[in-house]
>>> print(open('structure.pdb').read())   # PDB, C-alpha atoms and all ligand atoms
ATOM      1  CA  MET A   1      11.117 -24.489 -41.221  1.00  0.00           C
ATOM      2  CA  PHE A   2       8.571 -25.274 -38.523  1.00  0.00           C
ATOM      3  CA  GLY A   3      11.427 -26.373 -36.272  1.00  0.00           C
ATOM      4  CA  GLU A   4      12.332 -29.563 -34.507  1.00  0.00           C
ATOM      5  CA  PRO A   5       9.398 -29.994 -32.131  1.00  0.00           C
ATOM      6  CA  ILE A   6       6.930 -30.979 -34.835  1.00  0.00           C
ATOM      7  CA  GLY A   7       9.041 -31.884 -37.836  1.00  0.00           C
ATOM      8  CA  SER A   8       6.799 -32.062 -40.872  1.00  0.00           C
ATOM      9  CA  GLU A   9       3.733 -33.197 -38.918  1.00  0.00           C
ATOM     10  CA  LEU A  10       1.016 -30.709 -38.114  1.00  0.00           C
ATOM     11  CA  PRO A  11      -0.429 -31.093 -34.635  1.00  0.00           C
ATOM     12  CA  ILE A  12      -4.076 -31.278 -33.649  1.00  0.00           C
ATOM     13  CA  LEU A  13      -5.053 -28.070 -31.894  1.00  0.00           C
ATOM     14  CA  GLY A  14      -8.313 -27.299 -30.205  1.00  0.00           C
ATOM     15  CA  ASP A  15     -10.541 -26.170 -27.414  1.00  0.00           C
ATOM     16  CA  HIS A  16     -13.998 -27.307 -26.350  1.00  0.00           C
ATOM     17  CA  VAL A  17     -15.605 -25.635 -29.384  1.00  0.00           C
ATOM     18  CA  VAL A  18     -13.267 -26.127 -32.365  1.00  0.00           C
ATOM     19  CA  THR A  19     -10.661 -28.729 -33.250  1.00  0.00           C
ATOM     20  CA  LEU A  20      -8.039 -27.980 -35.909  1.00  0.00           C
ATOM     21  CA  GLU A  21      -6.629 -30.915 -37.829  1.00  0.00           C
ATOM     22  CA  PRO A  22      -4.694 -31.456 -41.063  1.00  0.00           C
ATOM     23  CA  PHE A  23      -6.964 -31.735 -44.092  1.00  0.00           C
ATOM     24  CA  SER A  24      -7.992 -35.140 -45.352  1.00  0.00           C
ATOM     25  CA  ARG A  25     -10.445 -36.566 -47.874  1.00  0.00           C
ATOM     26  CA  ARG A  26     -13.288 -36.259 -45.384  1.00  0.00           C
ATOM     27  CA  ASP A  27     -13.050 -32.472 -45.817  1.00  0.00           C
ATOM     28  CA  ILE A  28     -13.713 -32.535 -49.551  1.00  0.00           C
ATOM     29  CA  PRO A  29     -17.504 -31.981 -49.403  1.00  0.00           C
ATOM     30  CA  ALA A  30     -16.934 -28.928 -47.197  1.00  0.00           C
ATOM     31  CA  MET A  31     -14.191 -27.639 -49.494  1.00  0.00           C
ATOM     32  CA  MET A  32     -16.487 -28.017 -52.487  1.00  0.00           C
ATOM     33  CA  ALA A  33     -19.212 -26.132 -50.635  1.00  0.00           C
ATOM     34  CA  TRP A  34     -17.068 -23.169 -49.713  1.00  0.00           C
ATOM     35  CA  ASP A  35     -15.573 -22.987 -53.193  1.00  0.00           C
ATOM     36  CA  ALA A  36     -19.147 -22.182 -54.250  1.00  0.00           C
ATOM     37  CA  ASP A  37     -19.687 -19.514 -51.588  1.00  0.00           C
ATOM     38  CA  ALA A  38     -20.028 -16.004 -53.001  1.00  0.00           C
ATOM     39  CA  GLU A  39     -18.255 -14.375 -50.042  1.00  0.00           C
ATOM     40  CA  ALA A  40     -15.236 -16.659 -50.307  1.00  0.00           C
ATOM     41  CA  GLN A  41     -15.171 -16.160 -54.077  1.00  0.00           C
ATOM     42  CA  ARG A  42     -15.307 -12.437 -53.584  1.00  0.00           C
ATOM     43  CA  TRP A  43     -12.602 -12.009 -50.945  1.00  0.00           C
ATOM     44  CA  PHE A  44     -10.220 -14.666 -52.257  1.00  0.00           C
ATOM     45  CA  ASP A  45     -10.924 -13.766 -55.887  1.00  0.00           C
ATOM     46  CA  TRP A  46     -11.850 -17.358 -56.647  1.00  0.00           C
ATOM     47  CA  PRO A  47     -13.583 -18.472 -59.835  1.00  0.00           C
ATOM     48  CA  THR A  48     -17.336 -18.056 -59.811  1.00  0.00           C
ATOM     49  CA  GLU A  49     -17.777 -20.894 -62.270  1.00  0.00           C
ATOM     50  CA  LEU A  50     -17.112 -24.312 -60.809  1.00  0.00           C
ATOM     51  CA  PRO A  51     -16.054 -27.490 -62.590  1.00  0.00           C
ATOM     52  CA  ASP A  52     -18.429 -30.433 -62.711  1.00  0.00           C
ATOM     53  CA  PRO A  53     -18.563 -32.348 -59.404  1.00  0.00           C
ATOM     54  CA  ALA A  54     -16.139 -35.128 -60.433  1.00  0.00           C
ATOM     55  CA  ALA A  55     -13.548 -32.645 -61.679  1.00  0.00           C
ATOM     56  CA  HIS A  56     -14.115 -30.468 -58.638  1.00  0.00           C
ATOM     57  CA  GLU A  57     -13.529 -33.410 -56.288  1.00  0.00           C
ATOM     58  CA  ALA A  58     -10.351 -34.332 -58.170  1.00  0.00           C
ATOM     59  CA  HIS A  59      -9.198 -30.721 -57.875  1.00  0.00           C
ATOM     60  CA  CYS A  60      -9.759 -30.771 -54.092  1.00  0.00           C
ATOM     61  CA  ILE A  61      -7.721 -33.983 -53.815  1.00  0.00           C
ATOM     62  CA  ASP A  62      -4.885 -32.245 -55.684  1.00  0.00           C
ATOM     63  CA  VAL A  63      -5.179 -29.191 -53.455  1.00  0.00           C
ATOM     64  CA  ILE A  64      -4.842 -31.301 -50.300  1.00  0.00           C
ATOM     65  CA  ALA A  65      -1.840 -33.125 -51.786  1.00  0.00           C
ATOM     66  CA  GLY A  66      -0.226 -29.767 -52.632  1.00  0.00           C
ATOM     67  CA  TRP A  67      -0.823 -28.538 -49.084  1.00  0.00           C
ATOM     68  CA  ARG A  68       0.836 -31.676 -47.701  1.00  0.00           C
ATOM     69  CA  THR A  69       3.889 -31.021 -49.864  1.00  0.00           C
ATOM     70  CA  ASP A  70       4.049 -27.388 -48.721  1.00  0.00           C
ATOM     71  CA  SER A  71       3.512 -28.428 -45.130  1.00  0.00           C
ATOM     72  CA  THR A  72       6.316 -30.999 -45.269  1.00  0.00           C
ATOM     73  CA  ALA A  73       8.556 -28.333 -46.786  1.00  0.00           C
ATOM     74  CA  GLY A  74       7.693 -26.063 -43.851  1.00  0.00           C
ATOM     75  CA  ARG A  75       6.124 -23.243 -45.807  1.00  0.00           C
ATOM     76  CA  ARG A  76       2.444 -23.753 -45.070  1.00  0.00           C
ATOM     77  CA  ALA A  77       0.322 -24.991 -42.184  1.00  0.00           C
ATOM     78  CA  PRO A  78      -3.260 -25.557 -43.361  1.00  0.00           C
ATOM     79  CA  PHE A  79      -5.847 -26.793 -40.864  1.00  0.00           C
ATOM     80  CA  ALA A  80      -9.436 -27.876 -41.245  1.00  0.00           C
ATOM     81  CA  ILE A  81     -11.592 -26.269 -38.565  1.00  0.00           C
ATOM     82  CA  ARG A  82     -13.963 -28.862 -37.106  1.00  0.00           C
ATOM     83  CA  ARG A  83     -16.622 -28.551 -34.480  1.00  0.00           C
ATOM     84  CA  SER A  84     -15.289 -30.299 -31.389  1.00  0.00           C
ATOM     85  CA  ALA A  85     -18.753 -31.601 -30.456  1.00  0.00           C
ATOM     86  CA  ARG A  86     -19.635 -33.461 -33.652  1.00  0.00           C
ATOM     87  CA  GLY A  87     -16.624 -33.230 -35.949  1.00  0.00           C
ATOM     88  CA  GLU A  88     -18.243 -31.424 -38.888  1.00  0.00           C
ATOM     89  CA  THR A  89     -15.795 -29.401 -40.976  1.00  0.00           C
ATOM     90  CA  VAL A  90     -16.804 -25.761 -40.583  1.00  0.00           C
ATOM     91  CA  GLY A  91     -13.866 -23.912 -42.103  1.00  0.00           C
ATOM     92  CA  SER A  92     -10.206 -23.549 -42.821  1.00  0.00           C
ATOM     93  CA  VAL A  93      -7.290 -21.622 -41.337  1.00  0.00           C
ATOM     94  CA  GLU A  94      -3.742 -21.550 -42.587  1.00  0.00           C
ATOM     95  CA  LEU A  95      -0.367 -20.049 -41.972  1.00  0.00           C
ATOM     96  CA  ARG A  96       1.719 -19.448 -45.061  1.00  0.00           C
ATOM     97  CA  PHE A  97       5.316 -18.333 -45.359  1.00  0.00           C
ATOM     98  CA  ASP A  98       5.583 -15.667 -48.017  1.00  0.00           C
ATOM     99  CA  ASP A  99       8.173 -13.012 -48.667  1.00  0.00           C
ATOM    100  CA  ASP A 100      10.006 -13.528 -45.349  1.00  0.00           C
ATOM    101  CA  MET A 101       6.876 -13.322 -43.238  1.00  0.00           C
ATOM    102  CA  TRP A 102       4.223 -15.692 -41.942  1.00  0.00           C
ATOM    103  CA  TYR A 103       0.691 -14.756 -42.959  1.00  0.00           C
ATOM    104  CA  ILE A 104      -2.621 -16.105 -41.778  1.00  0.00           C
ATOM    105  CA  SER A 105      -5.862 -16.501 -43.707  1.00  0.00           C
ATOM    106  CA  TYR A 106      -9.154 -18.119 -42.814  1.00  0.00           C
ATOM    107  CA  LEU A 107     -12.680 -18.859 -43.872  1.00  0.00           C
ATOM    108  CA  THR A 108     -15.761 -20.499 -42.468  1.00  0.00           C
ATOM    109  CA  HIS A 109     -18.582 -22.217 -44.283  1.00  0.00           C
ATOM    110  CA  PRO A 110     -21.532 -19.806 -44.653  1.00  0.00           C
ATOM    111  CA  ASP A 111     -23.800 -22.040 -42.550  1.00  0.00           C
ATOM    112  CA  TRP A 112     -21.440 -21.727 -39.598  1.00  0.00           C
ATOM    113  CA  ARG A 113     -20.590 -18.034 -39.581  1.00  0.00           C
ATOM    114  CA  GLY A 114     -21.151 -15.680 -36.677  1.00  0.00           C
ATOM    115  CA  ARG A 115     -20.529 -18.287 -33.970  1.00  0.00           C
ATOM    116  CA  GLY A 116     -16.967 -17.308 -33.128  1.00  0.00           C
ATOM    117  CA  PHE A 117     -15.406 -20.279 -34.948  1.00  0.00           C
ATOM    118  CA  ALA A 118     -12.973 -18.220 -37.044  1.00  0.00           C
ATOM    119  CA  THR A 119     -11.898 -16.162 -34.045  1.00  0.00           C
ATOM    120  CA  ARG A 120     -11.197 -19.283 -31.992  1.00  0.00           C
ATOM    121  CA  ALA A 121      -9.362 -21.017 -34.820  1.00  0.00           C
ATOM    122  CA  VAL A 122      -7.155 -18.017 -35.588  1.00  0.00           C
ATOM    123  CA  ARG A 123      -6.346 -17.599 -31.906  1.00  0.00           C
ATOM    124  CA  LEU A 124      -5.362 -21.273 -31.586  1.00  0.00           C
ATOM    125  CA  VAL A 125      -3.100 -21.213 -34.647  1.00  0.00           C
ATOM    126  CA  CYS A 126      -1.406 -17.996 -33.522  1.00  0.00           C
ATOM    127  CA  GLU A 127      -0.771 -19.367 -30.020  1.00  0.00           C
ATOM    128  CA  TRP A 128       0.725 -22.512 -31.544  1.00  0.00           C
ATOM    129  CA  ALA A 129       2.896 -20.470 -33.911  1.00  0.00           C
ATOM    130  CA  PHE A 130       4.260 -18.323 -31.108  1.00  0.00           C
ATOM    131  CA  THR A 131       4.840 -21.066 -28.576  1.00  0.00           C
ATOM    132  CA  VAL A 132       5.884 -24.041 -30.699  1.00  0.00           C
ATOM    133  CA  LEU A 133       7.145 -22.632 -33.987  1.00  0.00           C
ATOM    134  CA  ASP A 134       9.012 -19.744 -32.376  1.00  0.00           C
ATOM    135  CA  ILE A 135       7.527 -17.233 -34.804  1.00  0.00           C
ATOM    136  CA  ASP A 136       7.835 -13.583 -33.749  1.00  0.00           C
ATOM    137  CA  GLY A 137       5.016 -12.048 -35.740  1.00  0.00           C
ATOM    138  CA  ILE A 138       2.123 -13.000 -37.998  1.00  0.00           C
ATOM    139  CA  GLY A 139       0.818 -10.798 -40.774  1.00  0.00           C
ATOM    140  CA  LEU A 140      -2.679 -10.501 -42.161  1.00  0.00           C
ATOM    141  CA  VAL A 141      -3.794  -8.613 -45.258  1.00  0.00           C
ATOM    142  CA  VAL A 142      -7.524  -7.953 -45.576  1.00  0.00           C
ATOM    143  CA  ALA A 143      -9.631  -5.952 -47.986  1.00  0.00           C
ATOM    144  CA  GLU A 144     -10.675  -2.671 -46.380  1.00  0.00           C
ATOM    145  CA  ASP A 145     -14.367  -3.434 -46.860  1.00  0.00           C
ATOM    146  CA  ASN A 146     -14.226  -7.020 -45.535  1.00  0.00           C
ATOM    147  CA  GLY A 147     -15.945  -6.190 -42.245  1.00  0.00           C
ATOM    148  CA  ALA A 148     -16.248  -9.761 -40.943  1.00  0.00           C
ATOM    149  CA  SER A 149     -12.590 -10.571 -41.480  1.00  0.00           C
ATOM    150  CA  ARG A 150     -11.488  -7.323 -39.888  1.00  0.00           C
ATOM    151  CA  ALA A 151     -13.717  -8.091 -36.898  1.00  0.00           C
ATOM    152  CA  VAL A 152     -11.942 -11.460 -36.482  1.00  0.00           C
ATOM    153  CA  ALA A 153      -8.559  -9.697 -36.680  1.00  0.00           C
ATOM    154  CA  ARG A 154      -9.581  -7.233 -33.971  1.00  0.00           C
ATOM    155  CA  HIS A 155     -11.002  -9.969 -31.721  1.00  0.00           C
ATOM    156  CA  VAL A 156      -7.716 -11.885 -31.854  1.00  0.00           C
ATOM    157  CA  GLY A 157      -5.645  -8.766 -31.162  1.00  0.00           C
ATOM    158  CA  PHE A 158      -4.138  -8.025 -34.574  1.00  0.00           C
ATOM    159  CA  VAL A 159      -3.046  -4.410 -34.865  1.00  0.00           C
ATOM    160  CA  GLU A 160      -3.127  -2.313 -38.022  1.00  0.00           C
ATOM    161  CA  THR A 161       0.362  -1.383 -39.183  1.00  0.00           C
ATOM    162  CA  GLY A 162      -0.989   1.706 -40.964  1.00  0.00           C
ATOM    163  CA  ARG A 163       0.192   0.366 -44.297  1.00  0.00           C
ATOM    164  CA  ARG A 164      -2.358   0.205 -47.100  1.00  0.00           C
ATOM    165  CA  THR A 165      -1.708  -1.540 -50.388  1.00  0.00           C
ATOM    166  CA  THR A 166      -3.791  -2.183 -53.476  1.00  0.00           C
ATOM    167  CA  SER A 167      -4.621  -5.638 -54.719  1.00  0.00           C
ATOM    168  CA  PRO A 168      -4.008  -6.672 -58.310  1.00  0.00           C
ATOM    169  CA  PRO A 169      -7.105  -6.173 -60.474  1.00  0.00           C
ATOM    170  CA  VAL A 170      -9.897  -8.481 -59.431  1.00  0.00           C
ATOM    171  CA  ASP A 171     -10.538 -11.234 -61.964  1.00  0.00           C
ATOM    172  CA  ASN A 172     -13.528 -13.240 -60.998  1.00  0.00           C
ATOM    173  CA  TYR A 173     -16.002 -11.401 -58.846  1.00  0.00           C
ATOM    174  CA  GLN A 174     -18.170  -9.832 -61.488  1.00  0.00           C
ATOM    175  CA  PRO A 175     -19.283  -6.596 -59.762  1.00  0.00           C
ATOM    176  CA  ASP A 176     -15.629  -5.781 -58.952  1.00  0.00           C
ATOM    177  CA  VAL A 177     -14.088  -7.098 -62.117  1.00  0.00           C
ATOM    178  CA  GLY A 178     -11.050  -5.177 -63.280  1.00  0.00           C
ATOM    179  CA  SER A 179     -11.017  -2.982 -60.188  1.00  0.00           C
ATOM    180  CA  THR A 180      -8.405  -2.950 -57.459  1.00  0.00           C
ATOM    181  CA  ARG A 181      -9.075  -3.140 -53.745  1.00  0.00           C
ATOM    182  CA  THR A 182      -7.507  -1.301 -50.883  1.00  0.00           C
ATOM    183  CA  MET A 183      -5.907  -3.855 -48.589  1.00  0.00           C
ATOM    184  CA  VAL A 184      -5.249  -3.239 -44.900  1.00  0.00           C
ATOM    185  CA  GLU A 185      -2.178  -4.788 -43.314  1.00  0.00           C
ATOM    186  CA  TYR A 186      -2.273  -6.130 -39.751  1.00  0.00           C
ATOM    187  CA  VAL A 187       0.294  -7.784 -37.548  1.00  0.00           C
ATOM    188  CA  LEU A 188       0.121  -9.809 -34.365  1.00  0.00           C
ATOM    189  CA  GLY A 189       3.255 -10.230 -32.337  1.00  0.00           C
ATOM    190  CA  ARG A 190       4.114 -12.728 -29.658  1.00  0.00           C
ATOM    191  CA  SER A 191       2.583 -11.683 -26.309  1.00  0.00           C
ATOM    192  CA  GLY A 192       0.496  -9.074 -28.074  1.00  0.00           C
ATOM    193  CA  GLN A 193       3.601  -7.078 -29.097  1.00  0.00           C
ATOM    194  CA  HIS A 194       3.869  -5.708 -32.608  1.00  0.00           C
ATOM    195  CA  GLY A 195       5.599  -8.470 -34.517  1.00  0.00           C
ATOM    196  CA  SER A 196       8.759  -7.665 -36.370  1.00  0.00           C
ATOM    197  CA  ARG A 197       8.081  -7.366 -40.070  1.00  0.00           C
ATOM    198  CA  VAL A 198      10.652 -10.023 -40.850  1.00  0.00           C
ATOM    199  CA  SER A 199       9.846 -12.966 -38.675  1.00  0.00           C
ATOM    200  CA  ARG A 200      11.853 -16.088 -38.191  1.00  0.00           C
ATOM    201  CA  ALA A 201      10.514 -19.151 -39.906  1.00  0.00           C
ATOM    202  CA  GLY A 202      11.581 -21.451 -37.090  1.00  0.00           C
ATOM    203  CA  ARG A 203      14.732 -22.567 -35.375  1.00  0.00           C
TER     204      ARG A 203
HETATM  205  C1  LIG B   1     -14.336 -13.731 -42.242  1.00  0.00           C
HETATM  206  C2  LIG B   1     -14.959 -15.053 -41.788  1.00  0.00           C
HETATM  207  C3  LIG B   1     -13.894 -16.131 -41.769  1.00  0.00           C
HETATM  208  C4  LIG B   1     -15.511 -14.867 -40.364  1.00  0.00           C
HETATM  209  O1  LIG B   1     -15.941 -16.140 -39.926  1.00  0.00           O
HETATM  210  P1  LIG B   1     -16.887 -16.326 -38.655  1.00  0.00           P
HETATM  211  O2  LIG B   1     -16.811 -17.752 -38.269  1.00  0.00           O
HETATM  212  O3  LIG B   1     -18.223 -15.734 -38.931  1.00  0.00           O
HETATM  213  O4  LIG B   1     -16.127 -15.393 -37.601  1.00  0.00           O
HETATM  214  P2  LIG B   1     -16.516 -15.107 -36.082  1.00  0.00           P
HETATM  215  O5  LIG B   1     -17.882 -15.632 -35.792  1.00  0.00           O
HETATM  216  O6  LIG B   1     -15.384 -15.563 -35.236  1.00  0.00           O
HETATM  217  O7  LIG B   1     -16.504 -13.504 -36.022  1.00  0.00           O
HETATM  218  C5  LIG B   1     -17.122 -12.777 -37.036  1.00  0.00           C
HETATM  219  C6  LIG B   1     -17.316 -11.340 -36.545  1.00  0.00           C
HETATM  220  O8  LIG B   1     -17.559 -10.526 -37.676  1.00  0.00           O
HETATM  221  C7  LIG B   1     -18.719  -9.741 -37.449  1.00  0.00           C
HETATM  222  N1  LIG B   1     -19.256  -9.436 -38.763  1.00  0.00           N
HETATM  223  C8  LIG B   1     -19.908 -10.266 -39.607  1.00  0.00           C
HETATM  224  N2  LIG B   1     -20.197  -9.615 -40.748  1.00  0.00           N
HETATM  225  C9  LIG B   1     -19.707  -8.355 -40.607  1.00  0.00           C
HETATM  226  C10 LIG B   1     -19.693  -7.215 -41.436  1.00  0.00           C
HETATM  227  N3  LIG B   1     -20.215  -7.228 -42.663  1.00  0.00           N
HETATM  228  N4  LIG B   1     -19.104  -6.086 -40.961  1.00  0.00           N
HETATM  229  C11 LIG B   1     -18.548  -6.031 -39.742  1.00  0.00           C
HETATM  230  N5  LIG B   1     -18.521  -7.113 -38.906  1.00  0.00           N
HETATM  231  C12 LIG B   1     -19.103  -8.246 -39.339  1.00  0.00           C
HETATM  232  C13 LIG B   1     -19.576 -10.624 -36.592  1.00  0.00           C
HETATM  233  O9  LIG B   1     -20.565  -9.890 -35.939  1.00  0.00           O
HETATM  234  C14 LIG B   1     -18.518 -11.209 -35.651  1.00  0.00           C
HETATM  235  O10 LIG B   1     -18.164 -10.259 -34.662  1.00  0.00           O
HETATM  236  P3  LIG B   1     -18.826 -10.350 -33.172  1.00  0.00           P
HETATM  237  O11 LIG B   1     -18.362 -11.641 -32.613  1.00  0.00           O
HETATM  238  O12 LIG B   1     -18.244  -9.170 -32.462  1.00  0.00           O
HETATM  239  O13 LIG B   1     -20.304 -10.280 -33.337  1.00  0.00           O
HETATM  240  C15 LIG B   1     -16.134 -15.483 -42.729  1.00  0.00           C
HETATM  241  O14 LIG B   1     -17.046 -14.423 -42.838  1.00  0.00           O
HETATM  242  C16 LIG B   1     -15.680 -15.905 -44.109  1.00  0.00           C
HETATM  243  O15 LIG B   1     -15.336 -17.071 -44.315  1.00  0.00           O
HETATM  244  N6  LIG B   1     -15.650 -14.968 -45.086  1.00  0.00           N
HETATM  245  C17 LIG B   1     -15.222 -15.292 -46.466  1.00  0.00           C
HETATM  246  C18 LIG B   1     -13.716 -15.540 -46.536  1.00  0.00           C
HETATM  247  C19 LIG B   1     -12.909 -14.370 -45.965  1.00  0.00           C
HETATM  248  O16 LIG B   1     -13.242 -13.225 -46.178  1.00  0.00           O
HETATM  249  N7  LIG B   1     -11.829 -14.708 -45.257  1.00  0.00           N
HETATM  250  C20 LIG B   1     -10.933 -13.717 -44.689  1.00  0.00           C
HETATM  251  C21 LIG B   1      -9.850 -13.342 -45.621  1.00  0.00           C
HETATM  252  S1  LIG B   1      -8.293 -13.393 -44.709  1.00  0.00           S
END
>>> encode(input="structure.pdb", output="structure tokens")
Amino acid sequence: MFGEPIGSELPILGDHVVTLEPFSRRDIPAMMAWDADAEAQRWFDWPTELPDPAAHEAHCIDVIAGWRTDSTAGRRAPFAIRRSARGETVGSVELRFDDDMWYISYLTHPDWRGRGFATRAVRLVCEWAFTVLDIDGIGLVVAEDNGASRAVARHVGFVETGRRTTSPPVDNYQPDVGSTRTMVEYVLGRSGQHGSRVSRAGR
């Protein structure tokens, strides 16, 4: 699905600030840390109770293996965001093919927020998707009150489609439990155009 130029291999993308690479075992401590982050738990509706460290590590290994399978099948492109200067893992950005459309999602470790890392990473992945994968448009669905994520979307040039949806009832984030959220839909098209809602998955 990603097309001939890359086959099943994800490339390394980057600029002088961030480097995006496929996940590997070296990312597990960072993954475990952001699994415990209240913001990530809140916006991704992740569990607030974590397994013991050994089980958590084993879970992360399984997650990476699952991503590799999805990546080889051409339906997901998950990248670790690393600082170019020193190589620390600072976050995650991924493209995922879902319901005939490519969607992007992202997070950064709380210690590294507010430095432009998510904006750079999202921009790099979108440029790669448009130029190498031949994707016409990338969607993004964000909770209306997720100010930081919406700021990243605006910085990169995503445009609101005007469509609002509601999320399924929130399971894990205690203050919101059982409630629904209003979700805002964005799209970014190649060359800043509005992407077509149904985008091609590759050649
Ligand atoms: C959203 C997230 C990835 C942003 O990461 P980041 O590395 O801090 O992003 P950047 O530094 O590139 O940009 C963040 C922008 O949000 C702004 N911001 C931060 N908190 C904000 C808030 N509560 N309301 C409005 N804007 C906010 C920052 O000021 C910055 O904008 P600026 O550059 O104009 O000052 C990070 O907060 C995160 O991981 N959140 C939890 C997971 C999540 O919500 N992911 C998105 C779901 S798709």
>>> closest_residue(input="structure.pdb", among="A:Thr89, A:Thr119, A:Thr19, A:Ser71", to="ligand LIG 1 (chain B)", atoms="only C-alpha atoms and all ligand atoms")
A:Thr119
>>> atom_distance(input="structure.pdb", atom1="CA of Gly114 in chain A", atom2="atom N2 of ligand LIG 1 (chain B)")
7.4 Å
>>> residues_near_ligand(input="structure.pdb", ligand="ligand LIG 1 (chain B)", cutoff="6 Å", atoms="only C-alpha atoms and all ligand atoms", output="MDAnalysis selection string")
chainID A and resid 39:40 43 105:108 113:119 142 147:149 151:152
>>> atom_distance(input="structure.pdb", atom1="CA of Thr72 in chain A", atom2="CA of Val93 in chain A")
17.0 Å
>>> residues_around(input="structure.pdb", residues="Asp15 in chain A", least_positions_apart="6", cutoff="9 Å", atoms="all atoms listed in the file", output="number ranges by chain")
A: 84, 120, 124
>>> closest_residue(input="structure.pdb", among="A:Asp134, A:Asp62, A:Glu160, A:Asp35", to="Val187 in chain A", atoms="all atoms listed in the file")
A:Glu160
>>> residues_around(input="structure.pdb", residues="range 25-27 of chain A", least_positions_apart="5", cutoff="10 Å", atoms="all atoms listed in the file", output="ChimeraX atom specification")
/A:32,57,60-61,64,80-82,88-92
>>> write_last_selection(input="structure.pdb", atoms="C-alpha atoms", output="JSON list (two decimals), in the coordinates of the input")
[["chain", "number", "residue", "atom", "x", "y", "z"],
["A", 32, "MET", "CA", -16.49, -28.02, -52.49],
["A", 57, "GLU", "CA", -13.53, -33.41, -56.29],
["A", 60, "CYS", "CA", -9.76, -30.77, -54.09],
["A", 61, "ILE", "CA", -7.72, -33.98, -53.82],
["A", 64, "ILE", "CA", -4.84, -31.30, -50.30],
["A", 80, "ALA", "CA", -9.44, -27.88, -41.24],
["A", 81, "ILE", "CA", -11.59, -26.27, -38.56],
["A", 82, "ARG", "CA", -13.96, -28.86, -37.11],
["A", 88, "GLU", "CA", -18.24, -31.42, -38.89],
["A", 89, "THR", "CA", -15.80, -29.40, -40.98],
["A", 90, "VAL", "CA", -16.80, -25.76, -40.58],
["A", 91, "GLY", "CA", -13.87, -23.91, -42.10],
["A", 92, "SER", "CA", -10.21, -23.55, -42.82]]
>>> resolve_selection(input="structure.pdb", expression="the PyMOL selection byres (((chain A and resi 181-186) around 12) and not hetatm)", output="ChimeraX atom specification")
/A:42-45,102-105,137-147,149-154,156-171,173,176-180,187-189,194-197
>>> closest_residue(input="structure.pdb", among="A:Arg86, A:His109, A:Arg190, A:His56", to="Arg123 in chain A", atoms="all atoms listed in the file")
A:Arg190
>>> resolve_selection(input="structure.pdb", expression="the PyMOL selection byres (((chain A and resi 77) around 7) and not hetatm)", output="NGL selection string")
:A and (71 or 76 or 78-79 or 94-96)
>>> resolve_selection(input="structure.pdb", expression="the PyMOL selection byres (((chain A and resi 50) around 12) and not hetatm)", output="list of chain:residue names")
A:Met32, A:Ala33, A:Trp34, A:Asp35, A:Ala36, A:Asp37, A:Ala38, A:Gln41, A:Trp46, A:Pro47, A:Thr48, A:Glu49, A:Pro51, A:Asp52, A:Pro53, A:Ala54, A:Ala55, A:His56, A:Glu57, A:His59, A:Cys60, A:Asn172
>>> atom_distance(input="structure.pdb", atom1="CA of Ile135 in chain A", atom2="CA of Ile12 in chain A")
18.3 Å
>>> closest_residue(input="structure.pdb", among="A:Ala30, A:Ala58, A:Thr131, A:Phe23", to="Pro110 in chain A", atoms="only C-alpha atoms")
A:Ala30
>>> closest_residue(input="structure.pdb", among="A:Glu127, A:Ser24, A:Met101, A:Leu13", to="Ala65 in chain A", atoms="only C-alpha atoms")
A:Ser24
>>> closest_residue(input="structure.pdb", among="A:Arg75, A:Ser191, A:Val125, A:Val63", to="Ile28 in chain A", atoms="all atoms listed in the file")
A:Val63
>>> decode(input="structure.pdb", residues="range 7-37 of chain A", atoms="C-alpha atoms", output="compact mmCIF listing (two decimals), in the first residue's frame")
# COMPACT_ATOMS: atom_id res chain seq x y z
CA GLY A 7 8.27 -1.43 -0.14
CA SER A 8 7.63 -2.47 3.43
CA GLU A 9 10.58 -0.52 4.85
CA LEU A 10 9.96 2.77 6.59
CA PRO A 11 12.54 5.42 5.80
CA ILE A 12 14.44 7.60 8.24
CA LEU A 13 13.15 11.15 8.00
CA GLY A 14 14.53 14.20 9.70
CA ASP A 15 15.83 17.70 9.93
CA HIS A 16 18.46 19.26 12.17
CA VAL A 17 16.14 19.07 15.21
CA VAL A 18 14.20 15.79 14.99
CA THR A 19 14.90 12.43 13.39
CA LEU A 20 12.05 9.99 12.74
CA GLU A 21 12.90 6.30 12.71
CA PRO A 22 11.01 3.01 12.97
CA PHE A 23 10.46 1.92 16.57
CA SER A 24 12.85 -0.52 18.17
CA ARG A 25 13.53 -1.90 21.64
CA ARG A 26 15.54 1.19 22.55
CA ASP A 27 12.25 3.13 22.56
CA ILE A 28 10.62 0.99 25.24
CA PRO A 29 11.57 3.16 28.26
CA ALA A 30 10.09 6.20 26.50
CA MET A 31 6.96 4.26 25.54
CA MET A 32 6.52 3.15 29.14
CA ALA A 33 6.92 6.74 30.30
CA TRP A 34 4.32 8.18 27.98
CA ASP A 35 1.88 5.38 28.73
CA ALA A 36 1.93 6.82 32.26
CA ASP A 37 1.38 10.42 31.15
